[in-house]
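K.L.:
To be precise about what I am sending: the file is called coords38.pdb and holds PDB, C-alpha atoms, pLDDT in the B column.
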```
ATOM      1  CA  GLU A1288       4.417  32.103  22.935  1.00 41.00           C
ATOM      2  CA  ARG A1289       6.749  29.466  21.561  1.00 45.00           C
ATOM      3  CA  LEU A1290      10.497  29.574  21.534  1.00 49.00           C
ATOM      4  CA  GLU A1291      11.710  29.108  18.008  1.00 49.00           C
ATOM      5  CA  MET A1292      15.278  29.480  16.818  1.00 49.00           C
ATOM      6  CA  LYS A1293      15.815  29.930  13.128  1.00 51.00           C
ATOM      7  CA  ARG A1294      18.966  28.500  11.664  1.00 51.00           C
ATOM      8  CA  ARG A1295      20.384  28.795   8.184  1.00 51.00           C
ATOM      9  CA  GLN A1296      17.890  27.773   5.636  1.00 49.00           C
ATOM     10  CA  GLY A1297      19.126  24.957   3.450  1.00 52.00           C
ATOM     11  CA  LYS A1298      18.197  24.203  -0.116  1.00 54.00           C
ATOM     12  CA  LYS A1299      14.728  23.089   0.911  1.00 58.00           C
ATOM     13  CA  GLY A1300      14.056  26.388   2.705  1.00 53.00           C
ATOM     14  CA  LYS A1301      12.737  24.889   5.945  1.00 56.00           C
ATOM     15  CA  SER A1302      13.776  26.166   9.378  1.00 58.00           C
ATOM     16  CA  ASP A1303      14.701  23.965  12.342  1.00 70.00           C
ATOM     17  CA  LYS A1304      12.953  24.312  15.691  1.00 78.00           C
ATOM     18  CA  HIS A1305      14.775  24.354  18.993  1.00 81.00           C
ATOM     19  CA  SER A1306      15.255  20.871  20.456  1.00 81.00           C
ATOM     20  CA  PHE A1307      13.597  21.816  23.772  1.00 80.00           C
ATOM     21  CA  LEU A1308      10.310  22.307  21.916  1.00 81.00           C
ATOM     22  CA  LYS A1309      10.267  18.547  21.317  1.00 82.00           C
ATOM     23  CA  LYS A1310      10.553  17.773  25.048  1.00 88.00           C
ATOM     24  CA  THR A1311       8.042  17.175  27.823  1.00 89.00           C
ATOM     25  CA  TRP A1312       8.963  18.959  31.059  1.00 92.00           C
ATOM     26  CA  TYR A1313       8.629  17.123  34.386  1.00 94.00           C
ATOM     27  CA  ARG A1314       8.618  18.552  37.911  1.00 95.00           C
ATOM     28  CA  LEU A1315      11.335  16.951  40.093  1.00 93.00           C
ATOM     29  CA  HIS A1316      10.534  16.196  43.747  1.00 92.00           C
ATOM     30  CA  THR A1317      12.999  15.376  46.536  1.00 91.00           C
ATOM     31  CA  PRO A1318      12.891  12.040  48.359  1.00 89.00           C
ATOM     32  CA  PRO A1319      10.569  12.074  51.401  1.00 85.00           C
ATOM     33  CA  SER A1320      13.544  11.213  53.638  1.00 82.00           C
ATOM     34  CA  LEU A1321      15.136  14.615  52.877  1.00 78.00           C
ATOM     35  CA  GLU A1322      13.059  17.154  54.808  1.00 75.00           C
ATOM     36  CA  GLY A1323       9.812  16.123  53.154  1.00 77.00           C
ATOM     37  CA  CYS A1324       8.840  15.754  49.520  1.00 82.00           C
ATOM     38  CA  ARG A1325       9.095  19.141  47.768  1.00 86.00           C
ATOM     39  CA  ASN A1326       9.603  20.510  44.284  1.00 90.00           C
ATOM     40  CA  ILE A1327      13.233  21.359  43.444  1.00 90.00           C
ATOM     41  CA  GLY A1328      13.254  21.919  39.692  1.00 91.00           C
ATOM     42  CA  TRP A1329      12.339  20.780  36.211  1.00 93.00           C
ATOM     43  CA  ILE A1330      13.735  17.965  34.029  1.00 91.00           C
ATOM     44  CA  PRO A1331      13.209  17.640  30.257  1.00 91.00           C
ATOM     45  CA  GLY A1332      12.301  14.298  28.707  1.00 90.00           C
ATOM     46  CA  ASN A1333      11.563  13.147  25.169  1.00 89.00           C
ATOM     47  CA  LYS A1334       7.914  12.942  24.156  1.00 87.00           C
ATOM     48  CA  THR A1335       6.186   9.642  23.390  1.00 85.00           C
ATOM     49  CA  ILE A1336       7.163   8.389  19.945  1.00 84.00           C
ATOM     50  CA  GLY A1337       5.628   5.169  18.660  1.00 85.00           C
ATOM     51  CA  GLU A1338       5.850   2.479  21.324  1.00 87.00           C
ATOM     52  CA  LYS A1339       8.510   4.274  23.398  1.00 85.00           C
ATOM     53  CA  LEU A1340       6.656   6.033  26.208  1.00 87.00           C
ATOM     54  CA  ALA A1341       7.725   9.433  27.540  1.00 85.00           C
ATOM     55  CA  LYS A1342       7.815   8.212  31.147  1.00 86.00           C
ATOM     56  CA  ASP A1343      10.293   5.450  30.229  1.00 88.00           C
ATOM     57  CA  ASN A1344      12.746   8.124  29.060  1.00 88.00           C
ATOM     58  CA  VAL A1345      12.973   9.692  32.526  1.00 90.00           C
ATOM     59  CA  LEU A1346      12.504   6.600  34.711  1.00 92.00           C
ATOM     60  CA  ASN A1347      15.731   5.621  36.581  1.00 93.00           C
ATOM     61  CA  LYS A1348      17.434   8.887  35.566  1.00 93.00           C
ATOM     62  CA  ILE A1349      20.069  10.099  38.055  1.00 94.00           C
ATOM     63  CA  CYS A1350      19.773  13.767  39.083  1.00 92.00           C
ATOM     64  CA  GLU A1351      22.367  15.717  41.033  1.00 92.00           C
ATOM     65  CA  VAL A1352      21.683  18.782  43.198  1.00 91.00           C
ATOM     66  CA  SER A1353      23.697  20.811  45.699  1.00 90.00           C
ATOM     67  CA  TYR A1354      22.840  20.156  49.348  1.00 88.00           C
ATOM     68  CA  ALA A1355      22.977  23.917  49.982  1.00 87.00           C
ATOM     69  CA  ASP A1356      20.087  24.400  47.530  1.00 85.00           C
ATOM     70  CA  LEU A1357      17.971  21.885  49.447  1.00 85.00           C
ATOM     71  CA  SER A1358      18.761  22.966  53.004  1.00 83.00           C
ATOM     72  CA  GLY A1359      19.367  26.699  52.528  1.00 84.00           C
ATOM     73  CA  ASP A1360      22.665  26.387  54.440  1.00 84.00           C
ATOM     74  CA  ASN A1361      25.419  27.851  52.240  1.00 87.00           C
ATOM     75  CA  SER A1362      28.158  26.333  54.402  1.00 87.00           C
ATOM     76  CA  GLN A1363      27.179  22.922  52.950  1.00 85.00           C
ATOM     77  CA  ASP A1364      27.656  23.952  49.317  1.00 86.00           C
ATOM     78  CA  TRP A1365      30.475  21.426  48.822  1.00 89.00           C
ATOM     79  CA  ARG A1366      28.088  18.464  49.151  1.00 90.00           C
ATOM     80  CA  LYS A1367      26.208  17.091  46.142  1.00 92.00           C
ATOM     81  CA  LEU A1368      23.238  14.745  46.487  1.00 91.00           C
ATOM     82  CA  ARG A1369      22.291  12.254  43.801  1.00 94.00           C
ATOM     83  CA  MET A1370      18.703  11.127  43.416  1.00 93.00           C
ATOM     84  CA  GLN A1371      17.224   8.464  41.167  1.00 94.00           C
ATOM     85  CA  VAL A1372      13.778   8.830  39.592  1.00 94.00           C
ATOM     86  CA  GLU A1373      11.645   5.991  40.936  1.00 94.00           C
ATOM     87  CA  GLN A1374       8.098   6.946  40.007  1.00 93.00           C
ATOM     88  CA  VAL A1375       6.368   9.059  37.348  1.00 93.00           C
ATOM     89  CA  GLU A1376       2.855  10.413  37.994  1.00 93.00           C
ATOM     90  CA  GLY A1377       1.625  12.789  35.304  1.00 90.00           C
ATOM     91  CA  ASN A1378       4.280  15.505  35.066  1.00 92.00           C
ATOM     92  CA  ASN A1379       5.721  14.785  38.536  1.00 94.00           C
ATOM     93  CA  LEU A1380       8.903  12.761  39.142  1.00 93.00           C
ATOM     94  CA  TYR A1381       9.381  11.197  42.572  1.00 94.00           C
ATOM     95  CA  THR A1382      12.930  10.290  43.536  1.00 93.00           C
ATOM     96  CA  SER A1383      14.853   8.209  46.056  1.00 92.00           C
ATOM     97  CA  PHE A1384      18.271   8.880  47.592  1.00 91.00           C
ATOM     98  CA  TYR A1385      21.035   7.476  45.366  1.00 93.00           C
ATOM     99  CA  GLY A1386      24.282   8.854  46.792  1.00 92.00           C
ATOM    100  CA  ILE A1387      26.303  11.771  48.088  1.00 92.00           C
ATOM    101  CA  ASP A1388      29.492  13.270  46.713  1.00 92.00           C
ATOM    102  CA  SER A1389      31.812  16.232  47.215  1.00 90.00           C
ATOM    103  CA  THR A1390      32.653  18.945  44.739  1.00 89.00           C
ATOM    104  CA  LYS A1391      36.015  18.851  43.019  1.00 89.00           C
ATOM    105  CA  GLU A1392      37.061  22.106  44.716  1.00 88.00           C
ATOM    106  CA  ALA A1393      36.425  20.649  48.186  1.00 88.00           C
ATOM    107  CA  ILE A1394      38.484  17.526  47.445  1.00 87.00           C
ATOM    108  CA  CYS A1395      41.364  19.591  46.033  1.00 88.00           C
ATOM    109  CA  LYS A1396      41.293  21.820  49.119  1.00 87.00           C
ATOM    110  CA  ILE A1397      41.649  18.789  51.404  1.00 85.00           C
ATOM    111  CA  LEU A1398      44.432  17.209  49.323  1.00 89.00           C
ATOM    112  CA  LYS A1399      46.323  20.450  48.676  1.00 78.00           C
ATOM    113  CA  LYS A1400      50.109  20.236  49.169  1.00 61.00           C
ATOM    114  CA  ARG A1401      51.517  22.291  51.999  1.00 58.00           C
TER     115      ARG A1401
END
```
For the structure just supplied, provide its representation as structure tokens.
P.N.:
Amino acid sequence: ERLEMKRRQGKKGKSDKHSFLKKTWYRLHTPPSLEGCRNIGWIPGNKTIGEKLAKDNVLNKICEVSYADLSGDNSQDWRKLRMQVEQVEGNNLYTSFYGIDSTKEAICKILKKR
């Protein structure tokens, strides 16, 4: 079953396909330093076209995920972890820790006027 969205047909009468049909989907893994290396989601990347390889499109990409999603502790939902894709093996992306940030709501709560 393929997802296909039909748009208005122009003068030529051809229909456009959804842009995600042109993508290769990769499985994203956490860095080993964060509670072991496990699957946390999927990332789309452009397919190989000519000399531009598909793995080069996702290499060094920065991904952001909530710390609460990784740890299961909802009290830590204001923390965001950034990970950088370091290695591509087949359809698996292996990452390394890139940084940590806070959500905008948490920063505004701290800086709120009294």
K.L.:
Can you list, as a count of residues only, the residues that the PyMOL selection byres ((chain A and resi 1340-1354) around 10) selects here?
P.N.:
52
K.L.:
Put the listed atoms of region 1344-1349 of chain A in a box along x, y and z with 6 Å added on every side and give me the centre and edge lengths in Å to one decimal, as lines of an AutoDock Vina configuration file.
P.N.:
```
center_x = 16.3
center_y = 7.9
center_z = 33.6
size_x = 19.6
size_y = 16.5
size_z = 21.0
```
K.L.:
When you draw a straight line from CA of Trp1329 (chain A) to CA of Glu1392 (chain A), how long is it in Å?
P.N.:
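Separating CA of Trp1329 (chain A) from CA of Glu1392 (chain A) is a distance of 26.2 Å.
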K.L.:
What does the distance between CA of Asn1379 (chain A) and CA of Asn1326 (chain A) come to in Å, to one decimal place?
P.N.:
9.0 Å
K.L.:
Just to confirm, what's the straight-line distance from CA of Lys1304 (chain A) to CA of His1316 (chain A) in Å (one decimal)?
P.N.:
29.3 Å
